[in-house]
Protein chains: 2
Amino acid sequence: MEEEIKCTVKHEDIIEKVKTKMPKEETLFDIAELFKVFGDTTRMKIVCCLFESEMCVCDIAELINATQSAVSHQLRVLKQAKLVKYRKEGKVVYYSLSDRHVEIIFNMALEHIQEM
Amino acid sequence: MEEEIKCTVKHEDIIEKVKTKMPKEETLFDIAELFKVFGDTTRMKIVCCLFESEMCVCDIAELINATQSAVSHQLRVLKQAKLVKYRKEGKVVYYSLSDRHVEIIFNMALEHIQEM
DNA sequence: TGAATATATGAGCAACTATTCATATGTTAA
DNA sequence: TTAACATATGAATAGTTGCTCATATATTCA
């Protein structure tokens, strides 16, 4: 009724060992959510822009050749994931990376790509 | 006709500086694709299983509480991204991580999560 | 105050994705 | 050879996502 798996291989010892070391379901979910945010070319472009310095929305839009609206939508996603922060100066909003982890994670991926 | 952007702020110097340092379009695409593979809870669970040791499909399925089919489909995605490799032993297929980068990238994300 | 500018946001749509279900392929053992 | 098992895979579907378009909000300046 509940066991569909017919597998008779079952390396019980390994299963037990791995089970104890697995991060919590919630942690795994959060990590996947973080990577999901990284998993879009437009957002990666935005993040790259911000490696150099803070930047306003319309400059980002011009630089990556996207509409203001698209950039604004994606900045919202990055903001919700706490990957970027912003400050307002009059009608201009300057975005910047919220910490160095973003760049570290990016560079790790870059290394991986380049070694393939 | 081609310039929709009305922005008059334009920090030309910054735009130029960032433009020269931006990775190639293709590189950014590849990085986003890599993160996209990481950006799914099921795949993250599978990857976690493989930190400890190689493992066969049905053990993974049991461990993460997913169907054999779902695991097999996701292993294919991981395989295409060259994140896992496999060896066959009779009718059993053992999967393992193809290099340590996967674990490093995972741990970076974990650190980031835990500092929030 | 009103016009211009910078950004944000909601709705709608097209494209993509993860799962399930059914079935195919490949391997072992009786 | 046949049955049982381990894995792979194609099709269908439900859910998600990123973009565009239109418009709202906020700020500055004349």
# chains A, B, ... in the order shown; residues from 1 in each chain; ligands from 1

call {"tool": "residues_around", "arguments": {"residues": "segment 14-20 of chain D", "least_positions_apart": "6", "cutoff": "10 Å", "atoms": "only C-alpha atoms (C1' of nucleotides)", "output": "list of chain:residue names"}}
result
A:Asp40, A:Thr42, A:Thr67, A:Ser69, A:Ala70, A:His73, A:Gln74, C:DG12, C:DC13, C:DA14, C:DA15, C:DC16, C:DT17, C:DA18, C:DT19

call {"tool": "closest_atom_pairs", "arguments": {"of": "chain D", "to": "chain B", "cutoff": "10 Å", "atoms": "only C-alpha atoms (C1' of nucleotides)", "output": "JSON lines"}}
result
{"residue": "D:DC5", "atom": "C1'", "partner": "B:Lys91", "partner_atom": "CA", "distance": 8.2}
{"residue": "D:DA6", "atom": "C1'", "partner": "B:Lys91", "partner_atom": "CA", "distance": 5.5}
{"residue": "D:DT7", "atom": "C1'", "partner": "B:Ser72", "partner_atom": "CA", "distance": 7.4}
{"residue": "D:DA8", "atom": "C1'", "partner": "B:Ser72", "partner_atom": "CA", "distance": 7.0}
{"residue": "D:DT9", "atom": "C1'", "partner": "B:His73", "partner_atom": "CA", "distance": 8.3}

call {"tool": "select_by_dssp", "arguments": {"residues": "chain A", "states": "helix (DSSP H, G or I)", "output": "PyMOL selection string"}}
result
chain A and resi 12-21+25-38+41-52+57-64+68-80+101-114

call {"tool": "interface_residues", "arguments": {"of": "chain A", "to": "chain B", "cutoff": "6 Å", "atoms": "only C-alpha atoms", "output": "VMD selection string"}}
result
chain A and resid 10 29 32 35 to 36 38 to 41 59

call {"tool": "calpha_fit_and_write", "arguments": {"fixed": "chain A", "moving": "chain B", "output": "mmCIF file with C-alpha atoms, in the first residue's frame"}}
result
data_model
loop_
_atom_site.group_PDB
_atom_site.id
_atom_site.type_symbol
_atom_site.label_atom_id
_atom_site.label_comp_id
_atom_site.auth_asym_id
_atom_site.auth_seq_id
_atom_site.Cartn_x
_atom_site.Cartn_y
_atom_site.Cartn_z
ATOM 1 C CA MET B 1 0.084 0.011 -0.017
ATOM 2 C CA GLU B 2 2.804 2.455 0.886
ATOM 3 C CA GLU B 3 5.953 0.789 -0.386
ATOM 4 C CA GLU B 4 6.130 1.054 -4.149
ATOM 5 C CA ILE B 5 9.876 0.577 -4.274
ATOM 6 C CA LYS B 6 10.768 -2.996 -5.176
ATOM 7 C CA CYS B 7 14.491 -2.414 -4.962
ATOM 8 C CA THR B 8 16.247 -5.292 -3.257
ATOM 9 C CA VAL B 9 19.725 -3.827 -3.489
ATOM 10 C CA LYS B 10 19.371 -1.492 -0.508
ATOM 11 C CA HIS B 11 22.716 -0.690 1.008
ATOM 12 C CA GLU B 12 21.156 -0.202 4.443
ATOM 13 C CA ASP B 13 24.389 0.839 6.129
ATOM 14 C CA ILE B 14 25.066 3.579 3.608
ATOM 15 C CA ILE B 15 21.463 4.750 3.688
ATOM 16 C CA GLU B 16 21.616 5.083 7.469
ATOM 17 C CA LYS B 17 24.950 6.870 7.427
ATOM 18 C CA VAL B 18 23.844 9.376 4.794
ATOM 19 C CA LYS B 19 20.512 9.921 6.503
ATOM 20 C CA THR B 20 22.197 11.179 9.671
ATOM 21 C CA LYS B 21 24.373 13.626 7.745
ATOM 22 C CA MET B 22 21.680 15.101 5.511
ATOM 23 C CA PRO B 23 20.900 18.786 6.133
ATOM 24 C CA LYS B 24 17.387 19.561 7.236
ATOM 25 C CA GLU B 25 14.668 19.632 4.594
ATOM 26 C CA GLU B 26 14.197 23.332 5.260
ATOM 27 C CA THR B 27 17.894 24.097 4.799
ATOM 28 C CA LEU B 28 17.959 22.259 1.496
ATOM 29 C CA PHE B 29 14.906 24.189 0.385
ATOM 30 C CA ASP B 30 16.538 27.506 1.259
ATOM 31 C CA ILE B 31 19.725 26.598 -0.568
ATOM 32 C CA ALA B 32 17.799 25.591 -3.667
ATOM 33 C CA GLU B 33 15.876 28.866 -3.483
ATOM 34 C CA LEU B 34 19.136 30.805 -3.322
ATOM 35 C CA PHE B 35 20.532 29.006 -6.349
ATOM 36 C CA LYS B 36 17.265 29.564 -8.173
ATOM 37 C CA VAL B 37 17.869 33.300 -7.835
ATOM 38 C CA PHE B 38 21.337 32.850 -9.316
ATOM 39 C CA GLY B 39 19.944 30.725 -12.092
ATOM 40 C CA ASP B 40 18.916 33.435 -14.519
ATOM 41 C CA THR B 41 21.100 35.215 -17.056
ATOM 42 C CA THR B 42 19.552 38.625 -16.523
ATOM 43 C CA ARG B 43 20.079 38.443 -12.772
ATOM 44 C CA MET B 44 23.640 37.215 -13.246
ATOM 45 C CA LYS B 45 24.315 40.191 -15.494
ATOM 46 C CA ILE B 46 22.929 42.555 -12.895
ATOM 47 C CA VAL B 47 25.032 40.946 -10.189
ATOM 48 C CA CYS B 48 28.131 41.286 -12.382
ATOM 49 C CA CYS B 49 27.461 44.985 -12.848
ATOM 50 C CA LEU B 50 27.418 45.433 -9.110
ATOM 51 C CA PHE B 51 30.806 43.802 -8.536
ATOM 52 C CA GLU B 52 32.437 47.052 -9.599
ATOM 53 C CA SER B 53 30.316 49.605 -7.822
ATOM 54 C CA GLU B 54 26.814 50.564 -6.858
ATOM 55 C CA MET B 55 24.688 51.456 -9.837
ATOM 56 C CA CYS B 56 21.318 52.974 -10.617
ATOM 57 C CA VAL B 57 18.523 51.107 -12.364
ATOM 58 C CA CYS B 58 18.718 52.888 -15.694
ATOM 59 C CA ASP B 59 22.485 52.476 -15.936
ATOM 60 C CA ILE B 60 22.110 48.762 -15.304
ATOM 61 C CA ALA B 61 19.386 48.599 -17.922
ATOM 62 C CA GLU B 62 21.567 50.268 -20.492
ATOM 63 C CA LEU B 63 24.604 48.200 -19.618
ATOM 64 C CA ILE B 64 22.923 44.833 -19.928
ATOM 65 C CA ASN B 65 20.619 45.928 -22.722
ATOM 66 C CA ALA B 66 17.337 45.237 -20.972
ATOM 67 C CA THR B 67 14.246 47.337 -20.335
ATOM 68 C CA GLN B 68 13.959 49.365 -17.166
ATOM 69 C CA SER B 69 10.942 47.304 -16.209
ATOM 70 C CA ALA B 70 12.687 43.964 -16.605
ATOM 71 C CA VAL B 71 15.636 45.174 -14.541
ATOM 72 C CA SER B 72 13.375 46.533 -11.851
ATOM 73 C CA HIS B 73 11.480 43.254 -11.615
ATOM 74 C CA GLN B 74 14.696 41.279 -11.321
ATOM 75 C CA LEU B 75 16.160 43.672 -8.771
ATOM 76 C CA ARG B 76 13.121 42.951 -6.683
ATOM 77 C CA VAL B 77 13.887 39.239 -6.791
ATOM 78 C CA LEU B 78 17.503 39.911 -5.802
ATOM 79 C CA LYS B 79 16.329 42.215 -3.041
ATOM 80 C CA GLN B 80 13.919 39.628 -1.648
ATOM 81 C CA ALA B 81 16.754 37.125 -1.583
ATOM 82 C CA LYS B 82 18.800 39.710 0.319
ATOM 83 C CA LEU B 83 21.521 39.619 -2.291
ATOM 84 C CA VAL B 84 21.354 43.348 -3.002
ATOM 85 C CA LYS B 85 20.640 46.449 -0.986
ATOM 86 C CA TYR B 86 19.811 49.955 -2.150
ATOM 87 C CA ARG B 87 19.872 53.605 -1.240
ATOM 88 C CA LYS B 88 17.765 56.386 -2.643
ATOM 89 C CA GLU B 89 19.172 59.700 -3.737
ATOM 90 C CA GLY B 90 16.361 61.866 -4.952
ATOM 91 C CA LYS B 91 14.546 60.023 -7.664
ATOM 92 C CA VAL B 92 17.523 57.790 -8.387
ATOM 93 C CA VAL B 93 17.920 54.433 -6.639
ATOM 94 C CA TYR B 94 21.412 52.975 -6.311
ATOM 95 C CA TYR B 95 21.727 49.229 -5.886
ATOM 96 C CA SER B 96 24.734 47.352 -4.529
ATOM 97 C CA LEU B 97 25.603 43.838 -3.373
ATOM 98 C CA SER B 98 24.663 43.195 0.223
ATOM 99 C CA ASP B 99 27.727 41.074 0.993
ATOM 100 C CA ARG B 100 30.775 39.427 -0.519
ATOM 101 C CA HIS B 101 29.273 35.937 -0.527
ATOM 102 C CA VAL B 102 27.578 36.729 -3.789
ATOM 103 C CA GLU B 103 30.892 37.349 -5.503
ATOM 104 C CA ILE B 104 32.489 34.284 -3.913
ATOM 105 C CA ILE B 105 29.684 32.000 -5.035
ATOM 106 C CA PHE B 106 29.789 33.525 -8.505
ATOM 107 C CA ASN B 107 33.536 32.981 -8.787
ATOM 108 C CA MET B 108 33.251 29.369 -7.655
ATOM 109 C CA ALA B 109 30.813 28.725 -10.448
ATOM 110 C CA LEU B 110 33.061 30.538 -12.892
ATOM 111 C CA GLU B 111 35.970 28.318 -11.898
ATOM 112 C CA HIS B 112 33.849 25.232 -12.318
ATOM 113 C CA ILE B 113 32.732 26.344 -15.776
ATOM 114 C CA GLN B 114 36.253 27.109 -16.891
ATOM 115 C CA GLU B 115 37.542 23.714 -15.842
ATOM 116 C CA MET B 116 35.049 21.808 -17.940
#

call {"tool": "interface_residues", "arguments": {"of": "chain C", "to": "chain B", "cutoff": "9 Å", "atoms": "only C-alpha atoms (C1' of nucleotides)", "output": "list of chain:residue names"}}
result
C:DT5, C:DA6, C:DA18, C:DT19, C:DT20, C:DG26, C:DT27, C:DT28

call {"tool": "select_by_dssp", "arguments": {"residues": "chain A", "states": "strand (DSSP E)", "output": "PyMOL selection string"}}
result
chain A and resi 55-56+84-89+92-97

call {"tool": "atom_distance", "arguments": {"atom1": "atom C1' of DA3 of chain D", "atom2": "atom C1' of DA22 of chain C"}}
result
19.7 Å
